[in-house]
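Raw upload_5.csv, CSV, C-alpha atoms:
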chain,number,residue,atom,x,y,z
A,849,MET,CA,0.0,0.0,0.0
A,850,LEU,CA,1.2,3.5,-0.8
A,851,ASP,CA,0.1,6.6,1.0
A,852,THR,CA,0.3,10.0,-0.7
A,853,ASP,CA,-1.3,13.4,-0.2
A,854,VAL,CA,-2.5,13.7,-3.8
A,855,LEU,CA,-3.0,10.8,-6.3
A,856,ILE,CA,-3.3,12.0,-9.9
A,857,ILE,CA,-4.4,9.4,-12.4
A,858,GLY,CA,-3.1,10.3,-15.8
A,859,CYS,CA,0.0,12.3,-17.0
A,860,GLY,CA,-1.3,14.3,-19.9
A,861,ILE,CA,-1.6,18.1,-19.9
A,862,ALA,CA,-4.3,18.0,-17.2
A,863,GLY,CA,-2.5,15.7,-14.8
A,864,ALA,CA,0.9,17.1,-15.4
A,865,THR,CA,-0.3,20.7,-14.9
A,866,ALA,CA,-2.2,19.7,-11.7
A,867,ALA,CA,1.0,18.1,-10.3
A,868,LEU,CA,3.1,21.1,-11.2
A,869,MET,CA,0.8,23.5,-9.4
A,870,LEU,CA,0.3,21.3,-6.4
A,871,ALA,CA,4.0,20.8,-6.0
A,872,GLN,CA,4.6,24.5,-5.2
A,873,ASN,CA,3.8,23.5,-1.6
A,874,PRO,CA,7.0,21.5,-0.7
A,875,GLY,CA,5.2,19.8,2.2
A,876,ARG,CA,2.7,18.2,-0.1
A,877,HIS,CA,3.6,14.8,-1.8
A,878,ILE,CA,2.0,14.1,-5.2
A,879,THR,CA,1.9,10.8,-6.9
A,880,VAL,CA,1.1,10.6,-10.6
A,881,ILE,CA,0.3,7.2,-12.2
A,882,THR,CA,0.3,6.5,-15.9
A,883,ARG,CA,-0.1,3.3,-17.8
A,884,ASP,CA,2.7,3.8,-20.3
A,885,SER,CA,6.4,3.3,-19.7
A,886,ASN,CA,7.0,6.8,-21.1
A,887,PRO,CA,5.3,9.5,-18.9
A,888,CYS,CA,5.1,11.7,-22.0
A,889,GLU,CA,2.9,9.2,-23.8
A,890,SER,CA,-0.7,10.5,-23.8
A,891,ASN,CA,-3.3,12.0,-26.1
A,892,THR,CA,-1.7,15.4,-25.4
A,893,ARG,CA,1.4,14.3,-27.3
A,894,TYR,CA,-0.5,13.8,-30.6
A,895,ALA,CA,-2.2,17.2,-30.6
A,896,GLN,CA,-0.9,19.0,-33.7
A,897,GLY,CA,-3.0,22.1,-33.4
A,898,GLY,CA,-2.0,25.1,-31.2
A,899,ILE,CA,-3.3,26.4,-27.9
A,900,VAL,CA,-5.4,29.6,-27.3
A,901,ALA,CA,-3.5,32.5,-25.7
A,902,ARG,CA,-4.2,36.2,-25.9
A,903,GLY,CA,-3.0,38.0,-29.1
A,904,GLN,CA,-2.8,41.6,-30.0
A,905,ASP,CA,-6.0,43.6,-30.0
A,906,ASP,CA,-7.7,40.8,-28.1
A,907,ASN,CA,-9.5,40.4,-24.8
A,908,ALA,CA,-11.6,37.9,-22.8
A,909,GLU,CA,-14.9,39.2,-24.1
A,910,LEU,CA,-13.9,38.7,-27.7
A,911,LEU,CA,-12.6,35.2,-27.0
A,912,ALA,CA,-15.8,34.2,-25.2
A,913,LYS,CA,-17.9,35.6,-28.0
A,914,ASP,CA,-16.0,33.6,-30.6
A,915,ILE,CA,-16.3,30.3,-28.6
A,916,LEU,CA,-20.0,30.8,-28.0
A,917,GLU,CA,-20.7,31.5,-31.7
A,918,ALA,CA,-18.6,28.5,-32.8
A,919,GLY,CA,-20.5,26.3,-30.3
A,920,ALA,CA,-23.9,27.2,-31.8
A,921,GLY,CA,-25.6,27.0,-28.5
A,922,ALA,CA,-23.9,23.8,-27.2
A,923,SER,CA,-21.3,25.6,-25.0
A,924,ASP,CA,-21.8,26.2,-21.3
A,925,PRO,CA,-21.6,30.1,-21.0
A,926,GLN,CA,-20.1,29.9,-17.5
A,927,ALA,CA,-17.4,27.5,-18.6
A,928,VAL,CA,-16.7,29.6,-21.6
A,929,GLU,CA,-16.4,32.8,-19.6
A,930,LEU,CA,-14.0,31.1,-17.2
A,931,LEU,CA,-11.9,29.8,-20.0
A,932,ALA,CA,-11.8,33.1,-21.8
A,933,ARG,CA,-10.9,35.0,-18.6
A,934,GLU,CA,-8.3,32.7,-17.1
A,935,GLY,CA,-7.1,30.5,-19.9
A,936,PRO,CA,-4.5,32.8,-21.6
A,937,ASP,CA,-3.0,33.8,-18.3
A,938,ILE,CA,-2.6,30.1,-17.3
A,939,VAL,CA,-0.9,29.4,-20.6
A,940,GLN,CA,1.6,32.2,-19.8
A,941,GLU,CA,2.2,31.2,-16.2
A,942,ILE,CA,2.3,27.5,-16.5
A,943,LEU,CA,3.3,26.5,-20.0
A,944,ILE,CA,5.6,29.4,-20.8
A,945,GLU,CA,7.1,30.5,-17.5
A,946,MET,CA,7.0,27.3,-15.4
A,947,ALA,CA,7.4,24.6,-18.1
A,948,GLY,CA,9.6,26.8,-20.4
A,949,ILE,CA,7.8,25.8,-23.6
A,950,ARG,CA,9.2,27.8,-26.6
A,951,PHE,CA,6.3,28.6,-28.9
A,952,ASP,CA,7.0,29.8,-32.5
A,953,SER,CA,8.2,33.4,-32.6
A,954,GLN,CA,8.8,36.0,-35.2
A,955,SER,CA,12.3,37.4,-36.1
A,956,ASN,CA,11.7,40.2,-33.6
A,957,GLY,CA,11.1,37.7,-30.8
A,958,GLU,CA,7.4,38.3,-30.5
A,959,TYR,CA,5.1,35.2,-30.6
A,960,GLU,CA,3.8,34.1,-34.0
A,961,PHE,CA,0.1,34.0,-33.3
A,962,GLY,CA,-2.1,32.0,-35.7
A,963,ARG,CA,-5.7,32.4,-36.5
A,964,GLU,CA,-7.8,29.2,-36.8
A,965,GLY,CA,-11.4,28.1,-37.1
A,966,ALA,CA,-14.0,30.6,-35.8
A,967,HIS,CA,-11.5,32.8,-34.1
A,968,SER,CA,-11.8,36.5,-35.0
A,969,ARG,CA,-8.3,37.3,-33.8
A,970,ARG,CA,-4.8,35.8,-34.2
A,971,ARG,CA,-4.4,34.2,-30.8
A,972,ILE,CA,-3.2,30.6,-31.3
A,973,LEU,CA,0.3,29.6,-30.2
A,974,HIS,CA,2.1,26.8,-32.0
A,975,VAL,CA,5.3,24.8,-31.9
A,976,GLY,CA,5.3,23.8,-35.6
A,977,ASP,CA,3.0,20.9,-36.2
A,978,GLY,CA,3.9,19.3,-32.9
A,979,THR,CA,2.4,21.6,-30.2
A,980,GLY,CA,1.1,18.8,-28.1
A,981,GLN,CA,4.4,17.0,-28.0
A,982,ALA,CA,6.3,20.2,-27.1
A,983,ILE,CA,3.7,20.9,-24.3
A,984,ILE,CA,3.8,17.4,-22.7
A,985,ASN,CA,7.6,17.2,-23.0
A,986,GLY,CA,8.0,20.5,-21.2
A,987,LEU,CA,5.5,19.7,-18.5
A,988,VAL,CA,6.9,16.3,-17.7
A,989,ALA,CA,10.5,17.7,-17.7
A,990,ALA,CA,9.3,20.4,-15.2
A,991,ILE,CA,7.5,18.0,-12.8
A,992,GLN,CA,10.5,15.7,-12.8
A,993,LYS,CA,12.5,18.4,-11.2
A,994,TYR,CA,10.3,18.4,-8.0
A,995,PRO,CA,11.4,16.0,-5.3
A,996,ASN,CA,7.8,15.9,-3.9
A,997,ILE,CA,6.4,14.5,-7.2
A,998,SER,CA,6.6,10.7,-7.9
A,999,ILE,CA,5.7,9.5,-11.4
A,1000,LEU,CA,4.8,5.8,-11.5
A,1001,THR,CA,4.8,4.4,-15.1
A,1002,ASN,CA,3.4,1.1,-16.3
A,1003,THR,CA,0.7,1.6,-13.7
A,1004,THR,CA,-3.0,1.3,-14.7
A,1005,ALA,CA,-5.8,2.4,-12.4
A,1006,VAL,CA,-8.5,-0.3,-12.3
A,1007,ASP,CA,-10.9,0.9,-9.6
A,1008,LEU,CA,-11.4,3.9,-7.3
A,1009,ILE,CA,-11.4,3.3,-3.5
A,1010,THR,CA,-14.7,4.9,-2.4
A,1011,PHE,CA,-16.7,4.8,0.7
A,1012,PRO,CA,-19.4,3.6,1.3
A,1013,HIS,CA,-18.9,1.3,-1.7
A,1014,HIS,CA,-15.9,-0.5,-0.1
A,1015,SER,CA,-17.2,-0.4,3.5
A,1016,ARG,CA,-18.3,-3.6,5.2
A,1017,ASN,CA,-20.9,-1.7,7.2
A,1018,PRO,CA,-24.2,-1.6,5.3
A,1019,LEU,CA,-25.3,1.6,7.0
A,1020,GLU,CA,-22.4,3.4,5.3
A,1021,ALA,CA,-24.5,3.3,2.2
A,1022,TYR,CA,-26.5,6.3,3.5
A,1023,ARG,CA,-23.4,8.5,3.7
A,1024,PRO,CA,-22.0,10.7,0.9
A,1025,VAL,CA,-19.6,9.0,-1.5
A,1026,ILE,CA,-15.9,9.9,-0.8
A,1027,CYS,CA,-12.9,8.8,-2.8
A,1028,HIS,CA,-9.8,7.7,-0.8
A,1029,GLY,CA,-7.5,6.6,-3.6
A,1030,ALA,CA,-7.4,3.8,-6.2
A,1031,TYR,CA,-6.4,0.2,-6.9
A,1032,ALA,CA,-3.8,0.1,-9.7
A,1033,PHE,CA,-2.3,-2.7,-11.7
A,1034,ASP,CA,1.5,-2.7,-11.8
A,1035,ARG,CA,2.3,-4.0,-15.3
A,1036,ASN,CA,5.9,-4.9,-14.4
A,1037,GLU,CA,5.1,-6.9,-11.3
A,1038,ARG,CA,1.7,-8.1,-12.7
A,1039,THR,CA,0.1,-7.3,-9.3
A,1040,VAL,CA,-2.5,-4.8,-8.0
A,1041,HIS,CA,-1.5,-2.3,-5.4
A,1042,ARG,CA,-3.6,0.0,-3.2
A,1043,TYR,CA,-2.9,3.7,-3.3
A,1044,MET,CA,-4.4,5.8,-0.5
A,1045,SER,CA,-4.7,9.6,-0.8
A,1046,ALA,CA,-6.3,12.5,0.8
A,1047,VAL,CA,-7.2,13.8,-2.7
A,1048,THR,CA,-7.6,11.8,-5.9
A,1049,ILE,CA,-7.6,13.6,-9.3
A,1050,LEU,CA,-8.9,11.9,-12.4
A,1051,ALA,CA,-6.9,13.4,-15.3
A,1052,THR,CA,-7.3,10.6,-17.9
A,1053,GLU,CA,-7.6,11.4,-21.5
A,1054,GLY,CA,-10.3,9.7,-23.6

Target format structure tokens, applied to this file:
Amino acid sequence: MLDTDVLIIGCGIAGATAALMLAQNPGRHITVITRDSNPCESNTRYAQGGIVARGQDDNAELLAKDILEAGAGASDPQAVELLAREGPDIVQEILIEMAGIRFDSQSNGEYEFGREGAHSRRRILHVGDGTGQAIINGLVAAIQKYPNISILTNTTAVDLITFPHHSRNPLEAYRPVICHGAYAFDRNERTVHRYMSAVTILATEG
């Protein structure tokens, strides 16, 4: 059995970003599990398109308007507003400053923003045709520098440890469901281990 403060299932852009931010507290231990032998192997790696930032003559209101129009009524306005307001700043803080990802730039050193799809402004950052690979390589390299982050490869989550589902007391069924970790299959040892955590984050990519 392994005890950790935070268990993150998945090491794509969501899992790696969560680990990187949580590790800023040196007293917190984070464990990331991923089923592949290479922690950079995930759907993120194969994303060829760019990522939305904030270009020139751009703002959160314009970005939200573009997303809502492109969604044709299928986008959650609150989620769109949050993404438009905070997303570009997070790209700057985490991907550029913390993970050191070098997006394509012009000869003068300014970013080469692209314009795609329904965007009304040039606001897409790229790393050639391999933006996803550059992002995950940068994120994994960044989290590997933190001694309070453990990355377990060849480890596949098979079940969440939840109460009351795993309680022997039938009366526990009336209590709220709480996740306390996960059972995971170690592909090297061919055994299942129990990982207990105060917080469990599902960051798997479909």

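One distance worth recording is that between CA of Met869 in chain A and CA of Lys993 in chain A, which is 12.9 Å.
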
*asked:* Let me make sure I understand: among A:Val1047, A:Ala982, A:Leu931, A:Ile899, which one has the smallest atom-to-atom distance to Arg963 in chain A if we use all atoms listed in the file?
replied: A:Ile899

*Please, what distance in Å, to one decimal, runs between CA of Gly978 in chain A and CA of Ile881 in chain A?*
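CA of Ile881 in chain A lies at a distance of 24.2 Å from CA of Gly978 in chain A.
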
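Restricting the calculation to all atoms listed in the file, the smallest distance between His877 in chain A and any of A:Phe951, A:Phe1033, A:Tyr994, A:Tyr894 is found for A:Tyr994.
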
*If you count all atoms listed in the file, which residues fall within 12 Å of Thr1052 in chain A, apart from same-chain ones fewer than 4 positions away, as a ChimeraX atom specification?*
/A:856-864,880-883,889-892,1004-1005

*asked:* If we draw a sphere of 12 Å around (-3.1, 36.6, -36.9), which residues have at least one atom in it when counting only C-alpha atoms? Please report them as a PyMOL selection string.
replied: chain A and resi 901-906+959-965+967-973

_Here is a test: counting only C-alpha atoms, which residue of A:Ala918, A:Ala895, A:Leu1019, A:Ala866 is nearest to Ile991 in chain A?_
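Using only C-alpha atoms, the shortest distance to Ile991 in chain A belongs to A:Ala866.
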
*asked:* Could you check the closest approach to Arg933 in chain A for each of A:Ala871, A:Ala912, A:Ile949, A:Met849 and tell me which residue wins, using all atoms listed in the file?
replied: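 Closest residue, counting all atoms listed in the file: A:Ala912.
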
*CA of Gly986 in chain A and CA of Ile878 in chain A, how far apart in Å?*
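Result for CA of Ile878 in chain A versus CA of Gly986 in chain A: 18.2 Å, one decimal.
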
_Nearest residue to Ser953 in chain A from the set A:Ala932, A:Leu1008, A:Gln896, A:Val975 (distances using all atoms listed in the file)_ =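 For Ser953 in chain A, the nearest of the given residues is A:Val975.
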
*Residue nearest Met946 in chain A among A:Asn907, A:Thr879, A:Asn996, A:Thr865 (counting all atoms listed in the file)*: A:Thr865

*Identify the residues within 12 Å of coordinate (11.3, 15.6, -15.8) (same frame as the file), considering all atoms listed in the file, and give the answer as a list in words.*
Cys859, Ala864, Ala867, Leu868, Asn886, Pro887, Cys888, Ala947, Ile984, Asn985, Gly986, Leu987, Val988, Ala989, Ala990, Ile991, Gln992, Lys993, Tyr994, Pro995, Ile997, Ser998 and Ile999 of chain A

Please fill the gaps in range 975-1008 of chain A so it has N, CA and C atoms, and write that as a tab-separated table (two decimals), in the coordinates of the input.
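Final output, saved to rebuild-v2.tsv:
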chain	number	residue	atom	x	y	z
A	975	VAL	N	3.86	25.19	-31.82
A	975	VAL	CA	5.30	24.80	-31.90
A	975	VAL	C	5.29	23.90	-33.18
A	976	GLY	N	5.40	24.55	-34.32
A	976	GLY	CA	5.30	23.80	-35.60
A	976	GLY	C	4.02	23.05	-35.68
A	977	ASP	N	4.11	21.79	-36.12
A	977	ASP	CA	3.00	20.90	-36.20
A	977	ASP	C	2.96	19.93	-35.00
A	978	GLY	N	3.79	20.19	-34.00
A	978	GLY	CA	3.90	19.30	-32.90
A	978	GLY	C	3.69	19.99	-31.54
A	979	THR	N	2.66	20.83	-31.47
A	979	THR	CA	2.40	21.60	-30.20
A	979	THR	C	2.20	20.73	-29.04
A	980	GLY	N	1.39	19.70	-29.22
A	980	GLY	CA	1.10	18.80	-28.10
A	980	GLY	C	2.32	18.12	-27.55
A	981	GLN	N	3.17	17.66	-28.43
A	981	GLN	CA	4.40	17.00	-28.00
A	981	GLN	C	5.31	17.95	-27.25
A	982	ALA	N	5.43	19.17	-27.74
A	982	ALA	CA	6.30	20.20	-27.10
A	982	ALA	C	5.70	20.48	-25.67
A	983	ILE	N	4.37	20.57	-25.58
A	983	ILE	CA	3.70	20.90	-24.30
A	983	ILE	C	3.98	19.77	-23.28
A	984	ILE	N	3.71	18.52	-23.66
A	984	ILE	CA	3.80	17.40	-22.70
A	984	ILE	C	5.30	17.19	-22.34
A	985	ASN	N	6.21	17.32	-23.31
A	985	ASN	CA	7.60	17.20	-23.00
A	985	ASN	C	8.08	18.21	-21.98
A	986	GLY	N	7.62	19.45	-22.17
A	986	GLY	CA	8.00	20.50	-21.20
A	986	GLY	C	7.40	20.33	-19.86
A	987	LEU	N	6.14	19.91	-19.80
A	987	LEU	CA	5.50	19.70	-18.50
A	987	LEU	C	6.11	18.56	-17.73
A	988	VAL	N	6.36	17.45	-18.41
A	988	VAL	CA	6.90	16.30	-17.70
A	988	VAL	C	8.36	16.63	-17.24
A	989	ALA	N	9.14	17.32	-18.07
A	989	ALA	CA	10.50	17.70	-17.70
A	989	ALA	C	10.42	18.62	-16.42
A	990	ALA	N	9.40	19.47	-16.37
A	990	ALA	CA	9.30	20.40	-15.20
A	990	ALA	C	8.90	19.64	-13.96
A	991	ILE	N	7.94	18.71	-14.03
A	991	ILE	CA	7.50	18.00	-12.80
A	991	ILE	C	8.58	17.05	-12.32
A	992	GLN	N	9.43	16.57	-13.22
A	992	GLN	CA	10.50	15.70	-12.80
A	992	GLN	C	11.57	16.36	-11.97
A	993	LYS	N	11.55	17.67	-11.96
A	993	LYS	CA	12.50	18.40	-11.20
A	993	LYS	C	12.07	18.57	-9.70
A	994	TYR	N	10.82	18.22	-9.40
A	994	TYR	CA	10.30	18.40	-8.00
A	994	TYR	C	10.45	17.12	-7.24
A	995	PRO	N	11.17	17.16	-6.12
A	995	PRO	CA	11.40	16.00	-5.30
A	995	PRO	C	10.07	15.47	-4.64
A	996	ASN	N	9.05	16.33	-4.56
A	996	ASN	CA	7.80	15.90	-3.90
A	996	ASN	C	6.77	15.40	-4.93
A	997	ILE	N	7.23	15.12	-6.16
A	997	ILE	CA	6.40	14.50	-7.20
A	997	ILE	C	6.97	13.13	-7.53
A	998	SER	N	6.16	12.08	-7.44
A	998	SER	CA	6.60	10.70	-7.90
A	998	SER	C	5.74	10.37	-9.10
A	999	ILE	N	6.40	9.94	-10.17
A	999	ILE	CA	5.70	9.50	-11.40
A	999	ILE	C	5.88	7.97	-11.46
A	1000	LEU	N	4.76	7.26	-11.41
A	1000	LEU	CA	4.80	5.80	-11.50
A	1000	LEU	C	4.31	5.40	-12.89
A	1001	THR	N	5.19	4.86	-13.71
A	1001	THR	CA	4.80	4.40	-15.10
A	1001	THR	C	4.42	2.97	-15.04
A	1002	ASN	N	3.90	2.51	-16.18
A	1002	ASN	CA	3.40	1.10	-16.30
A	1002	ASN	C	2.42	0.77	-15.21
A	1003	THR	N	1.62	1.75	-14.81
A	1003	THR	CA	0.70	1.60	-13.70
A	1003	THR	C	-0.73	2.00	-14.20
A	1004	THR	N	-1.66	1.07	-14.19
A	1004	THR	CA	-3.00	1.30	-14.70
A	1004	THR	C	-4.03	1.31	-13.60
A	1005	ALA	N	-4.76	2.40	-13.42
A	1005	ALA	CA	-5.80	2.40	-12.40
A	1005	ALA	C	-6.95	1.49	-12.85
A	1006	VAL	N	-7.41	0.67	-11.94
A	1006	VAL	CA	-8.50	-0.30	-12.30
A	1006	VAL	C	-9.76	-0.03	-11.48
A	1007	ASP	N	-9.65	0.65	-10.33
A	1007	ASP	CA	-10.90	0.90	-9.60
A	1007	ASP	C	-10.55	2.02	-8.54
A	1008	LEU	N	-11.54	2.88	-8.29
A	1008	LEU	CA	-11.40	3.90	-7.30
A	1008	LEU	C	-11.80	3.30	-5.92
